[in-house]
file start_20.cif (mmCIF, C-alpha atoms and all ligand atoms)
data_model
loop_
_atom_site.group_PDB
_atom_site.id
_atom_site.type_symbol
_atom_site.label_atom_id
_atom_site.label_comp_id
_atom_site.auth_asym_id
_atom_site.auth_seq_id
_atom_site.Cartn_x
_atom_site.Cartn_y
_atom_site.Cartn_z
ATOM 1 C CA MET A 84 20.105 8.434 58.213
ATOM 2 C CA ALA A 85 16.521 7.794 59.178
ATOM 3 C CA LEU A 86 15.841 4.206 60.176
ATOM 4 C CA GLU A 87 12.927 3.818 57.743
ATOM 5 C CA SER A 88 15.209 4.362 54.736
ATOM 6 C CA LYS A 89 16.264 1.232 52.875
ATOM 7 C CA LYS A 90 18.450 1.747 49.865
ATOM 8 C CA ILE A 91 17.336 -1.419 48.134
ATOM 9 C CA GLY A 92 16.985 -0.811 44.457
ATOM 10 C CA TYR A 93 18.959 2.425 44.099
ATOM 11 C CA ASP A 94 21.241 0.698 41.571
ATOM 12 C CA GLU A 95 18.144 0.060 39.486
ATOM 13 C CA VAL A 96 17.388 3.738 38.821
ATOM 14 C CA ILE A 97 18.620 4.517 35.309
ATOM 15 C CA VAL A 98 17.742 7.615 33.289
ATOM 16 C CA ARG A 99 16.740 6.731 29.708
ATOM 17 C CA ASP A 100 15.928 9.789 27.604
ATOM 18 C CA LEU A 101 13.538 8.040 25.210
ATOM 19 C CA LYS A 102 11.122 9.424 22.654
ATOM 20 C CA PHE A 103 8.156 7.457 21.343
ATOM 21 C CA ASP A 104 6.372 7.569 18.020
ATOM 22 C CA LEU A 105 3.035 8.689 19.431
ATOM 23 C CA THR A 106 0.942 10.128 16.595
ATOM 24 C CA ASP A 107 -2.639 10.681 15.437
ATOM 25 C CA THR A 108 -2.576 7.192 13.923
ATOM 26 C CA THR A 109 -1.047 5.270 16.851
ATOM 27 C CA VAL A 110 -3.177 6.988 19.541
ATOM 28 C CA ASN A 111 -6.937 6.638 19.119
ATOM 29 C CA THR A 112 -9.787 7.712 21.399
ATOM 30 C CA HIS A 113 -10.382 4.089 22.431
ATOM 31 C CA TRP A 114 -6.677 3.258 22.438
ATOM 32 C CA PHE A 115 -6.809 0.561 25.150
ATOM 33 C CA ASN A 116 -7.915 -2.645 23.369
ATOM 34 C CA ASN A 117 -10.533 -0.653 21.398
ATOM 35 C CA ASP A 118 -12.780 -0.661 24.465
ATOM 36 C CA PRO A 119 -14.444 2.691 25.377
ATOM 37 C CA TRP A 120 -14.763 2.398 29.179
ATOM 38 C CA SER A 121 -11.330 0.754 29.728
ATOM 39 C CA SER A 122 -9.682 3.337 27.469
ATOM 40 C CA HIS A 123 -11.387 6.173 29.333
ATOM 41 C CA PHE A 124 -10.336 4.716 32.687
ATOM 42 C CA MET A 125 -6.718 4.603 31.535
ATOM 43 C CA THR A 126 -6.992 8.058 29.946
ATOM 44 C CA ALA A 127 -8.452 9.392 33.221
ATOM 45 C CA VAL A 128 -5.248 8.165 34.919
ATOM 46 C CA LEU A 129 -2.915 9.425 32.176
ATOM 47 C CA ALA A 130 -4.624 12.836 32.236
ATOM 48 C CA VAL A 131 -3.139 13.543 35.670
ATOM 49 C CA VAL A 132 0.302 12.031 35.036
ATOM 50 C CA PRO A 133 2.248 15.083 33.728
ATOM 51 C CA GLU A 134 1.019 17.430 36.490
ATOM 52 C CA ALA A 135 1.578 14.746 39.151
ATOM 53 C CA GLU A 136 5.101 14.104 37.816
ATOM 54 C CA ARG A 137 5.905 17.820 38.020
ATOM 55 C CA TRP A 138 4.561 17.957 41.571
ATOM 56 C CA VAL A 139 6.637 15.006 42.805
ATOM 57 C CA LEU A 140 9.856 16.119 41.105
ATOM 58 C CA ARG A 141 9.438 19.666 42.415
ATOM 59 C CA SER A 142 8.791 18.247 45.886
ATOM 60 C CA ALA A 143 11.979 16.153 45.762
ATOM 61 C CA ARG A 144 13.952 19.213 44.613
ATOM 62 C CA GLU A 145 12.600 21.313 47.495
ATOM 63 C CA GLN A 146 13.556 18.682 50.079
ATOM 64 C CA MET A 147 17.034 18.174 48.625
ATOM 65 C CA ALA A 148 18.725 20.729 50.922
ATOM 66 C CA LYS A 149 17.738 18.650 53.979
ATOM 67 C CA ILE A 150 19.234 15.411 52.648
ATOM 68 C CA SER A 151 22.728 14.597 53.800
ATOM 69 C CA ASP A 152 22.943 10.969 52.664
ATOM 70 C CA PRO A 153 24.796 11.007 49.305
ATOM 71 C CA ALA A 154 23.125 7.785 48.085
ATOM 72 C CA ILE A 155 19.629 9.202 48.619
ATOM 73 C CA LYS A 156 20.722 12.500 47.057
ATOM 74 C CA LYS A 157 21.987 10.775 43.913
ATOM 75 C CA ALA A 158 18.852 8.613 43.673
ATOM 76 C CA ALA A 159 16.731 11.775 44.072
ATOM 77 C CA ARG A 160 18.559 13.479 41.188
ATOM 78 C CA ASP A 161 18.045 10.455 38.919
ATOM 79 C CA PHE A 162 14.408 10.244 40.039
ATOM 80 C CA ILE A 163 13.829 13.919 39.149
ATOM 81 C CA HIS A 164 15.431 13.353 35.741
ATOM 82 C CA GLN A 165 13.297 10.255 35.059
ATOM 83 C CA GLU A 166 10.063 12.017 36.062
ATOM 84 C CA ARG A 167 10.828 15.050 33.887
ATOM 85 C CA ILE A 168 11.184 12.790 30.839
ATOM 86 C CA HIS A 169 8.002 10.872 31.742
ATOM 87 C CA ALA A 170 6.060 14.153 31.963
ATOM 88 C CA ARG A 171 7.404 15.259 28.566
ATOM 89 C CA GLU A 172 6.322 12.043 26.793
ATOM 90 C CA HIS A 173 2.919 11.934 28.531
ATOM 91 C CA ASP A 174 2.332 15.560 27.489
ATOM 92 C CA ILE A 175 2.651 14.355 23.881
ATOM 93 C CA MET A 176 0.179 11.487 24.357
ATOM 94 C CA ASN A 177 -2.284 13.770 26.164
ATOM 95 C CA SER A 178 -2.034 16.492 23.494
ATOM 96 C CA ILE A 179 -2.921 13.915 20.818
ATOM 97 C CA LEU A 180 -5.977 12.837 22.836
ATOM 98 C CA VAL A 181 -6.985 16.503 23.159
ATOM 99 C CA LYS A 182 -6.788 16.819 19.352
ATOM 100 C CA LYS A 183 -9.098 13.801 19.149
ATOM 101 C CA GLY A 184 -11.648 15.772 21.173
ATOM 102 C CA LEU A 185 -11.078 14.471 24.712
ATOM 103 C CA PRO A 186 -11.252 17.220 27.385
ATOM 104 C CA ILE A 187 -7.880 16.364 28.963
ATOM 105 C CA ASP A 188 -6.688 19.970 28.695
ATOM 106 C CA ARG A 189 -9.575 20.969 31.005
ATOM 107 C CA PHE A 190 -8.657 18.196 33.455
ATOM 108 C CA GLU A 191 -5.017 19.275 33.442
ATOM 109 C CA GLU A 192 -5.958 22.914 34.003
ATOM 110 C CA GLY A 193 -8.186 21.929 36.956
ATOM 111 C CA PHE A 194 -5.455 19.759 38.494
ATOM 112 C CA LYS A 195 -2.853 22.483 38.017
ATOM 113 C CA LYS A 196 -5.037 24.968 39.926
ATOM 114 C CA ARG A 197 -5.407 22.461 42.792
ATOM 115 C CA ARG A 198 -1.677 21.727 42.773
ATOM 116 C CA LEU A 199 -0.800 25.433 42.978
ATOM 117 C CA TRP A 200 -3.335 25.910 45.801
ATOM 118 C CA PHE A 201 -1.789 23.034 47.785
ATOM 119 C CA GLN A 202 1.707 24.295 47.058
ATOM 120 C CA ASN A 203 0.781 27.689 48.544
ATOM 121 C CA LYS A 204 -1.007 26.270 51.591
ATOM 122 C CA LEU A 205 1.003 23.191 52.577
ATOM 123 C CA SER A 206 4.492 22.848 54.007
ATOM 124 C CA VAL A 207 7.329 21.338 51.978
ATOM 125 C CA GLU A 208 7.158 18.337 54.342
ATOM 126 C CA MET A 209 3.452 17.709 53.778
ATOM 127 C CA GLN A 210 3.914 18.005 50.017
ATOM 128 C CA GLY A 211 6.748 15.499 50.314
ATOM 129 C CA ALA A 212 4.327 13.143 52.079
ATOM 130 C CA ILE A 213 1.716 13.618 49.327
ATOM 131 C CA ALA A 214 4.417 13.004 46.703
ATOM 132 C CA ALA A 215 5.372 9.746 48.461
ATOM 133 C CA SER A 216 1.709 8.661 48.375
ATOM 134 C CA PHE A 217 1.490 9.404 44.628
ATOM 135 C CA GLU A 218 4.619 7.323 44.051
ATOM 136 C CA HIS A 219 3.044 4.478 46.048
ATOM 137 C CA PHE A 220 0.019 4.585 43.710
ATOM 138 C CA THR A 221 2.177 4.574 40.560
ATOM 139 C CA ALA A 222 4.273 1.682 41.917
ATOM 140 C CA VAL A 223 1.154 -0.414 42.633
ATOM 141 C CA LEU A 224 -0.392 0.427 39.251
ATOM 142 C CA SER A 225 2.895 -0.407 37.509
ATOM 143 C CA SER A 226 3.208 -3.766 39.292
ATOM 144 C CA ALA A 227 -0.363 -4.683 38.255
ATOM 145 C CA PHE A 228 0.500 -4.140 34.583
ATOM 146 C CA LEU A 229 4.017 -5.598 34.781
ATOM 147 C CA GLU A 230 2.525 -8.853 36.098
ATOM 148 C CA ASN A 231 -0.132 -8.914 33.351
ATOM 149 C CA PRO A 232 1.471 -7.814 30.068
ATOM 150 C CA ASP A 233 -1.032 -9.925 28.102
ATOM 151 C CA VAL A 234 -3.864 -7.476 28.860
ATOM 152 C CA PHE A 235 -2.630 -5.195 26.062
ATOM 153 C CA GLU A 236 -3.280 -7.701 23.247
ATOM 154 C CA ASP A 237 -5.264 -5.246 21.086
ATOM 155 C CA THR A 238 -3.357 -2.057 21.872
ATOM 156 C CA ASP A 239 -0.943 -0.327 19.478
ATOM 157 C CA PRO A 240 2.586 -1.717 20.134
ATOM 158 C CA GLU A 241 4.114 1.776 20.313
ATOM 159 C CA ILE A 242 1.736 2.773 23.133
ATOM 160 C CA VAL A 243 2.481 -0.528 24.893
ATOM 161 C CA SER A 244 6.252 -0.025 24.704
ATOM 162 C CA PHE A 245 5.824 3.585 25.876
ATOM 163 C CA LEU A 246 3.756 2.531 28.906
ATOM 164 C CA TYR A 247 6.039 -0.362 29.877
ATOM 165 C CA TRP A 248 9.108 1.881 29.785
ATOM 166 C CA HIS A 249 7.252 4.044 32.306
ATOM 167 C CA PHE A 250 6.079 1.072 34.430
ATOM 168 C CA VAL A 251 9.677 -0.238 34.630
ATOM 169 C CA GLU A 252 11.103 3.135 35.657
ATOM 170 C CA GLU A 253 8.323 3.710 38.220
ATOM 171 C CA THR A 254 9.350 0.387 39.761
ATOM 172 C CA GLU A 255 13.053 1.277 39.635
ATOM 173 C CA HIS A 256 12.510 4.445 41.664
ATOM 174 C CA LYS A 257 9.544 3.339 43.773
ATOM 175 C CA SER A 258 11.271 4.009 47.113
ATOM 176 C CA VAL A 259 13.046 7.255 46.248
ATOM 177 C CA SER A 260 10.253 9.740 46.978
ATOM 178 C CA PHE A 261 9.496 7.888 50.248
ATOM 179 C CA ASP A 262 13.155 7.857 51.315
ATOM 180 C CA VAL A 263 13.637 11.515 50.398
ATOM 181 C CA PHE A 264 10.607 12.435 52.516
ATOM 182 C CA VAL A 265 11.681 10.323 55.531
ATOM 183 C CA GLU A 266 15.266 11.599 55.383
ATOM 184 C CA ALA A 267 14.234 15.253 55.004
ATOM 185 C CA CYS A 268 11.597 14.932 57.742
ATOM 186 C CA GLY A 269 14.053 13.323 60.162
ATOM 187 C CA GLY A 270 12.284 9.980 60.547
ATOM 188 C CA GLY A 271 10.557 8.760 63.696
ATOM 189 C CA SER A 272 6.959 9.332 64.737
ATOM 190 C CA ARG A 273 6.861 12.792 63.147
ATOM 191 C CA ALA A 274 7.641 11.321 59.716
ATOM 192 C CA TYR A 275 5.133 8.519 60.304
ATOM 193 C CA PHE A 276 2.212 10.808 61.175
ATOM 194 C CA THR A 277 3.039 13.254 58.391
ATOM 195 C CA ARG A 278 3.209 10.534 55.751
ATOM 196 C CA SER A 279 -0.065 9.018 57.027
ATOM 197 C CA ILE A 280 -1.828 12.375 56.598
ATOM 198 C CA GLY A 281 -0.088 12.704 53.215
ATOM 199 C CA MET A 282 -1.555 9.361 52.153
ATOM 200 C CA VAL A 283 -5.066 10.441 53.198
ATOM 201 C CA LEU A 284 -4.699 13.685 51.227
ATOM 202 C CA GLY A 285 -3.070 11.895 48.278
ATOM 203 C CA THR A 286 -5.904 9.351 48.157
ATOM 204 C CA ALA A 287 -8.548 12.094 48.288
ATOM 205 C CA ILE A 288 -6.834 14.093 45.520
ATOM 206 C CA GLY A 289 -6.127 11.035 43.334
ATOM 207 C CA ALA A 290 -9.557 9.377 43.712
ATOM 208 C CA SER A 291 -11.520 12.586 43.116
ATOM 209 C CA LEU A 292 -9.510 13.354 39.958
ATOM 210 C CA LEU A 293 -9.716 9.784 38.630
ATOM 211 C CA PHE A 294 -13.467 9.322 39.036
ATOM 212 C CA SER A 295 -14.472 12.820 37.922
ATOM 213 C CA ASN A 296 -12.227 12.488 34.832
ATOM 214 C CA LEU A 297 -13.670 9.046 34.066
ATOM 215 C CA TYR A 298 -17.260 10.268 34.386
ATOM 216 C CA MET A 299 -16.646 13.244 32.075
ATOM 217 C CA LEU A 300 -14.831 11.130 29.468
ATOM 218 C CA VAL A 301 -17.553 8.455 29.377
ATOM 219 C CA LYS A 302 -20.340 11.051 29.364
ATOM 220 C CA GLU A 303 -18.870 13.221 26.596
ATOM 221 C CA ASP A 304 -18.218 10.084 24.516
ATOM 222 C CA LYS A 305 -21.897 9.122 25.010
ATOM 223 C CA GLN A 306 -20.921 5.739 26.487
ATOM 224 C CA LEU A 307 -22.789 5.974 29.803
ATOM 225 C CA LEU A 308 -25.277 3.281 28.712
ATOM 226 C CA ASN A 309 -22.668 0.976 27.169
ATOM 227 C CA VAL A 310 -23.071 -1.707 29.861
ATOM 228 C CA LYS A 311 -20.975 -4.290 28.026
ATOM 229 C CA SER A 312 -17.985 -1.958 27.919
ATOM 230 C CA ALA A 313 -18.542 -0.956 31.575
ATOM 231 C CA LEU A 314 -18.317 -4.655 32.480
ATOM 232 C CA VAL A 315 -15.085 -5.019 30.466
ATOM 233 C CA MET A 316 -13.623 -2.108 32.434
ATOM 234 C CA SER A 317 -14.862 -3.594 35.728
ATOM 235 C CA TYR A 318 -13.062 -6.853 34.908
ATOM 236 C CA CYS A 319 -9.905 -4.841 34.113
ATOM 237 C CA VAL A 320 -9.906 -2.804 37.336
ATOM 238 C CA LEU A 321 -11.111 -5.548 39.690
ATOM 239 C CA ILE A 322 -9.956 -8.916 38.284
ATOM 240 C CA LYS A 323 -7.120 -8.553 35.758
ATOM 241 C CA PRO A 324 -4.820 -6.660 35.991
ATOM 242 C CA ALA A 325 -6.895 -5.658 39.026
ATOM 243 C CA ILE A 326 -5.640 -2.085 39.279
ATOM 244 C CA LEU A 327 -8.191 -0.968 41.890
ATOM 245 C CA SER A 328 -8.191 -4.266 43.786
ATOM 246 C CA LYS A 329 -4.410 -4.048 44.155
ATOM 247 C CA MET A 330 -4.694 -0.434 45.228
ATOM 248 C CA LEU A 331 -7.232 -1.387 47.910
ATOM 249 C CA TYR A 332 -4.983 -4.233 49.082
ATOM 250 C CA HIS A 333 -1.684 -2.330 49.159
ATOM 251 C CA THR A 334 -2.806 1.077 50.436
ATOM 252 C CA PRO A 335 -3.765 0.065 54.032
ATOM 253 C CA ARG A 336 -0.243 -1.424 54.416
ATOM 254 C CA TYR A 337 1.168 2.056 53.818
ATOM 255 C CA PHE A 338 -0.189 3.050 57.255
ATOM 256 C CA LEU A 339 1.975 0.492 59.075
ATOM 257 C CA PRO A 340 4.657 2.351 61.078
ATOM 258 C CA ASN A 341 7.453 0.189 59.606
ATOM 259 C CA PHE A 342 6.161 0.250 55.995
ATOM 260 C CA HIS A 343 8.705 0.661 53.220
ATOM 261 C CA PRO A 344 8.003 0.535 49.430
ATOM 262 C CA TRP A 345 10.520 -2.321 48.982
ATOM 263 C CA ASP A 346 8.598 -4.532 51.461
ATOM 264 C CA ASP A 347 6.960 -5.585 48.205
ATOM 265 C CA ASP A 348 10.227 -6.504 46.477
ATOM 266 C CA ASN A 349 9.270 -6.990 42.826
ATOM 267 C CA ARG A 350 12.633 -6.221 41.207
ATOM 268 C CA ASN A 351 12.575 -9.610 39.467
ATOM 269 C CA VAL A 352 9.700 -8.665 37.159
ATOM 270 C CA ILE A 353 11.571 -5.705 35.609
ATOM 271 C CA GLN A 354 14.838 -7.594 35.009
ATOM 272 C CA PRO A 355 13.842 -9.245 31.670
ATOM 273 C CA TRP A 356 12.866 -5.796 30.287
ATOM 274 C CA LYS A 357 16.105 -4.197 31.509
ATOM 275 C CA LYS A 358 18.370 -6.971 30.230
ATOM 276 C CA GLU A 359 16.811 -6.918 26.774
ATOM 277 C CA TYR A 360 16.817 -3.110 26.604
ATOM 278 C CA ASP A 361 20.501 -2.983 27.628
ATOM 279 C CA LYS A 362 21.261 -5.417 24.809
ATOM 280 C CA SER A 363 19.108 -4.017 22.006
ATOM 281 C CA ASN A 364 18.087 -0.449 22.980
ATOM 282 C CA ASP A 365 14.658 -1.496 21.741
ATOM 283 C CA THR A 366 11.619 -0.976 23.996
ATOM 284 C CA HIS A 367 9.468 -3.233 21.777
ATOM 285 C CA LYS A 368 11.878 -6.161 22.197
ATOM 286 C CA ALA A 369 12.196 -5.354 25.896
ATOM 287 C CA PHE A 370 8.416 -5.584 26.306
ATOM 288 C CA ILE A 371 8.332 -8.945 24.473
ATOM 289 C CA ALA A 372 11.122 -10.269 26.750
ATOM 290 C CA LEU A 373 9.158 -9.194 29.830
ATOM 291 C CA LYS A 374 5.919 -10.651 28.478
ATOM 292 C CA ASN A 375 7.568 -14.005 27.627
ATOM 293 C CA TRP A 376 9.147 -14.182 31.078
ATOM 294 C CA VAL A 377 5.844 -13.500 32.848
ATOM 295 C CA LEU A 378 3.892 -15.961 30.673
ATOM 296 C CA ASP A 379 6.584 -18.654 31.100
ATOM 297 C CA ARG A 380 6.344 -18.226 34.853
ATOM 298 C CA LYS A 381 2.569 -18.442 34.787
ATOM 299 C CA ASN A 382 2.570 -21.471 32.482
ATOM 300 C CA SER A 383 5.040 -23.271 34.713
ATOM 301 C CA GLY A 384 2.663 -22.686 37.618
ATOM 302 C CA ASN A 385 4.907 -20.272 39.507
ATOM 303 C CA LYS A 386 2.583 -17.376 40.068
ATOM 304 C CA ASN A 387 4.712 -15.772 42.732
ATOM 305 C CA LEU A 388 6.200 -12.898 40.758
ATOM 306 C CA ASP A 389 7.422 -11.238 43.931
ATOM 307 C CA ASN A 390 9.942 -13.907 44.857
ATOM 308 C CA LYS A 391 12.495 -12.054 46.947
ATOM 309 C CA LYS A 392 15.246 -14.651 46.706
ATOM 310 C CA GLU A 393 15.104 -14.586 42.934
ATOM 311 C CA ALA A 394 14.981 -10.803 42.892
ATOM 312 C CA HIS A 395 18.253 -10.706 44.818
ATOM 313 C CA SER A 396 19.962 -13.184 42.514
ATOM 314 C CA LEU A 397 18.858 -11.325 39.374
ATOM 315 C CA THR A 398 19.817 -7.822 40.370
ATOM 316 C CA GLN A 399 23.062 -5.911 40.662
ATOM 317 C CA PRO A 400 24.792 -5.991 44.056
ATOM 318 C CA LEU A 401 22.651 -4.006 46.444
ATOM 319 C CA HIS A 402 23.499 -1.146 48.727
ATOM 320 C CA ALA A 403 23.357 -1.960 52.397
ATOM 321 C CA VAL A 404 20.017 -1.650 54.063
ATOM 322 C CA GLY A 405 20.068 1.475 56.202
HETATM 323 FE FE FE B 1 6.876 8.743 36.217
HETATM 324 FE FE FE B 2 7.437 8.051 39.757
#
call {"tool": "encode", "arguments": {"input": "start_20.cif", "output": "structure tokens", "more": "lines below"}}
Ligand SMILES: [Fe+2]
Ligand SMILES: [Fe+2]
result
Amino acid sequence: MALESKKIGYDEVIVRDLKFDLTDTTVNTHWFNNDPWSSHFMTAVLAVVPEAERWVLRSAREQMAKISDPAIKKAARDFIHQERIHAREHDIMNSILVKKGLPIDRFEEGFKKRRLWFQNKLSVEMQGAIAASFEHFTAVLSSAFLENPDVFEDTDPEIVSFLYWHFVEETEHKSVSFDVFVEACGGGSRAYFTRSIGMVLGTAIGASLLFSNLYMLVKEDKQLLNVKSALVMSYCVLIKPAILSKMLYHTPRYFLPNFHPWDDDNRNVIQPWKKEYDKSNDTHKAFIALKNWVLDRKNSGNKNLDNKKEAHSLTQPLHAVG
């Protein structure tokens, strides 16, 4: 097994085939706290989710033949299953937004063309490296929201429970795509340089899609001059939950030769959601449990939500670190 692979967290990956009540009434154009710019920023991200999910799951499937480690193989299968369900549910949300007049179908078509072009031109290895970079982005984005569940105060509860189910599962499997790539690539300096190039390509693809989607959404909604809403979005992406700030902080670390997704061990923050969901099968209650846990921690002055010792005590027995 490649030295970079650490099997921390594989026990966390659980497939939950959930369906959400996403309808014309629960999903509105300005669905994120009724704010135009923030909603369009989030929609610009969600617009690429189904295609990105299909790319990463296809990439894992194509690398599967080169994986000999049974633990990584099993985690990869569960990862593929999780991502397929995520894509299905996000397709529903996106199709509702299309019905509301947002041009997400055009964005998806454009991304699909790019994906197919890359799939024809790039090796399976390089696509595996791009997939690992995408999974790094989703893990960072998920951690930003998991640590700040109070930012959804004015968002429909069904959308909130839908998104938090996805944030939890993205955290559960945040190392799988990386480990699959490293294992299939054989580790060492070859894997390091390939994944570094993959991160550069992944950043270029992700950033260009995000900002062009955002511009088109804001423009077509005639919100370009809504400065107040632009400031609300700026606060959201830079201060709290600080999606872009976190991305800028965590992405350079990806270029360290010994980087691994579980260096940022945040398993503790998903445990309240998982425990409540296991008990009640209710994603709404699970979100409330997570939110209460985070707010209790913040109120008691313990802002370190990445406490590794606590993460170990809260989770199932771990696999050995490879
Ligand atoms: Fe996903
Ligand atoms: Fe994922």
call {"tool": "closest_residue", "arguments": {"input": "start_20.cif", "among": "A:Val139, A:Val310, A:Leu327, A:Leu284", "to": "ligand FE 1 (chain B)", "atoms": "only C-alpha atoms and all ligand atoms"}}
result
A:Val139
call {"tool": "closest_residue", "arguments": {"input": "start_20.cif", "among": "A:Thr112, A:Ser151, A:Ser142, A:Thr366", "to": "A:Phe250", "atoms": "only C-alpha atoms"}}
result
A:Thr366
call {"tool": "closest_residue", "arguments": {"input": "start_20.cif", "among": "A:Asp94, A:Glu303, A:Asp104, A:Asp152", "to": "A:Glu255", "atoms": "only C-alpha atoms"}}
result
A:Asp94
call {"tool": "closest_residue", "arguments": {"input": "start_20.cif", "among": "A:Leu105, A:Ala313, A:Ile371, A:Ala159", "to": "ligand FE 2 (chain B)", "atoms": "all atoms listed in the file"}}
result
A:Ala159
call {"tool": "residues_near_ligand", "arguments": {"input": "start_20.cif", "ligand": "ligand FE 2 (chain B)", "cutoff": "8 Å", "atoms": "all atoms listed in the file", "output": "list of chain:residue names"}}
result
A:Glu136, A:Val139, A:Phe162, A:Gln165, A:Glu166, A:Phe217, A:Glu218, A:Thr221, A:Ala222, A:Glu252, A:Glu253, A:Thr254, A:His256, A:Lys257, A:Ser260
call {"tool": "closest_residue", "arguments": {"input": "start_20.cif", "among": "A:Ile155, A:Ile97, A:Val110, A:Met125", "to": "A:Glu241", "atoms": "only C-alpha atoms"}}
result
A:Val110
call {"tool": "residues_around", "arguments": {"input": "start_20.cif", "residues": "A:Ser291", "least_positions_apart": "4", "cutoff": "12 Å", "atoms": "only C-alpha atoms", "output": "tab-separated table (two decimals) with C-alpha atoms, in the coordinates of the input"}}
result
chain	number	residue	atom	x	y	z
A	127	ALA	CA	-8.45	9.39	33.22
A	128	VAL	CA	-5.25	8.16	34.92
A	131	VAL	CA	-3.14	13.54	35.67
A	190	PHE	CA	-8.66	18.20	33.46
A	193	GLY	CA	-8.19	21.93	36.96
A	194	PHE	CA	-5.46	19.76	38.49
A	197	ARG	CA	-5.41	22.46	42.79
A	284	LEU	CA	-4.70	13.68	51.23
A	285	GLY	CA	-3.07	11.90	48.28
A	286	THR	CA	-5.90	9.35	48.16
A	287	ALA	CA	-8.55	12.09	48.29
A	295	SER	CA	-14.47	12.82	37.92
A	296	ASN	CA	-12.23	12.49	34.83
A	297	LEU	CA	-13.67	9.05	34.07
A	298	TYR	CA	-17.26	10.27	34.39
call {"tool": "resolve_selection", "arguments": {"input": "start_20.cif", "expression": "the PyMOL selection byres (((chain A and resi 312) around 12) and not hetatm)", "output": "list in words"}}
result
His113, Phe115, Asn116, Asn117, Asp118, Pro119, Trp120, Ser121, Ser122, His123, Phe124, Val301, Gln306, Leu307, Leu308, Asn309, Val310, Lys311, Ala313, Leu314, Val315, Met316, Ser317, Tyr318 and Cys319 of chain A
call {"tool": "write_last_selection", "arguments": {"input": "start_20.cif", "atoms": "C-alpha atoms", "output": "PDB file, keeping the file's coordinate frame"}}
result
ATOM      1  CA  HIS A 113     -10.382   4.089  22.431  1.00  0.00           C
ATOM      2  CA  PHE A 115      -6.809   0.561  25.150  1.00  0.00           C
ATOM      3  CA  ASN A 116      -7.915  -2.645  23.369  1.00  0.00           C
ATOM      4  CA  ASN A 117     -10.533  -0.653  21.398  1.00  0.00           C
ATOM      5  CA  ASP A 118     -12.780  -0.661  24.465  1.00  0.00           C
ATOM      6  CA  PRO A 119     -14.444   2.691  25.377  1.00  0.00           C
ATOM      7  CA  TRP A 120     -14.763   2.398  29.179  1.00  0.00           C
ATOM      8  CA  SER A 121     -11.330   0.754  29.728  1.00  0.00           C
ATOM      9  CA  SER A 122      -9.682   3.337  27.469  1.00  0.00           C
ATOM     10  CA  HIS A 123     -11.387   6.173  29.333  1.00  0.00           C
ATOM     11  CA  PHE A 124     -10.336   4.716  32.687  1.00  0.00           C
ATOM     12  CA  VAL A 301     -17.553   8.455  29.377  1.00  0.00           C
ATOM     13  CA  GLN A 306     -20.921   5.739  26.487  1.00  0.00           C
ATOM     14  CA  LEU A 307     -22.789   5.974  29.803  1.00  0.00           C
ATOM     15  CA  LEU A 308     -25.277   3.281  28.712  1.00  0.00           C
ATOM     16  CA  ASN A 309     -22.668   0.976  27.169  1.00  0.00           C
ATOM     17  CA  VAL A 310     -23.071  -1.707  29.861  1.00  0.00           C
ATOM     18  CA  LYS A 311     -20.975  -4.290  28.026  1.00  0.00           C
ATOM     19  CA  ALA A 313     -18.542  -0.956  31.575  1.00  0.00           C
ATOM     20  CA  LEU A 314     -18.317  -4.655  32.480  1.00  0.00           C
ATOM     21  CA  VAL A 315     -15.085  -5.019  30.466  1.00  0.00           C
ATOM     22  CA  MET A 316     -13.623  -2.108  32.434  1.00  0.00           C
ATOM     23  CA  SER A 317     -14.862  -3.594  35.728  1.00  0.00           C
ATOM     24  CA  TYR A 318     -13.062  -6.853  34.908  1.00  0.00           C
ATOM     25  CA  CYS A 319      -9.905  -4.841  34.113  1.00  0.00           C
TER      26      CYS A 319
END
call {"tool": "resolve_selection", "arguments": {"input": "start_20.cif", "expression": "the PyMOL selection byres (((chain A and resi 246) around 12) and not hetatm)", "output": "compact mmCIF listing (two decimals) with C-alpha atoms, in the coordinates of the input"}}
result
# COMPACT_ATOMS: atom_id res chain seq x y z
CA LEU A 101 13.54 8.04 25.21
CA LYS A 102 11.12 9.42 22.65
CA PHE A 103 8.16 7.46 21.34
CA LEU A 105 3.04 8.69 19.43
CA PHE A 115 -6.81 0.56 25.15
CA MET A 125 -6.72 4.60 31.54
CA LEU A 129 -2.92 9.43 32.18
CA VAL A 132 0.30 12.03 35.04
CA HIS A 169 8.00 10.87 31.74
CA GLU A 172 6.32 12.04 26.79
CA HIS A 173 2.92 11.93 28.53
CA MET A 176 0.18 11.49 24.36
CA THR A 221 2.18 4.57 40.56
CA LEU A 224 -0.39 0.43 39.25
CA SER A 225 2.90 -0.41 37.51
CA PHE A 228 0.50 -4.14 34.58
CA LEU A 229 4.02 -5.60 34.78
CA PRO A 232 1.47 -7.81 30.07
CA PHE A 235 -2.63 -5.20 26.06
CA THR A 238 -3.36 -2.06 21.87
CA ASP A 239 -0.94 -0.33 19.48
CA PRO A 240 2.59 -1.72 20.13
CA GLU A 241 4.11 1.78 20.31
CA ILE A 242 1.74 2.77 23.13
CA VAL A 243 2.48 -0.53 24.89
CA SER A 244 6.25 -0.02 24.70
CA PHE A 245 5.82 3.58 25.88
CA TYR A 247 6.04 -0.36 29.88
CA TRP A 248 9.11 1.88 29.78
CA HIS A 249 7.25 4.04 32.31
CA PHE A 250 6.08 1.07 34.43
CA VAL A 251 9.68 -0.24 34.63
CA GLU A 252 11.10 3.14 35.66
CA GLU A 253 8.32 3.71 38.22
CA THR A 366 11.62 -0.98 24.00
CA HIS A 367 9.47 -3.23 21.78
CA ALA A 369 12.20 -5.35 25.90
CA PHE A 370 8.42 -5.58 26.31
call {"tool": "atom_distance", "arguments": {"input": "start_20.cif", "atom1": "atom CA of A:Ser328", "atom2": "atom CA of A:Ala227"}}
result
9.6 Å
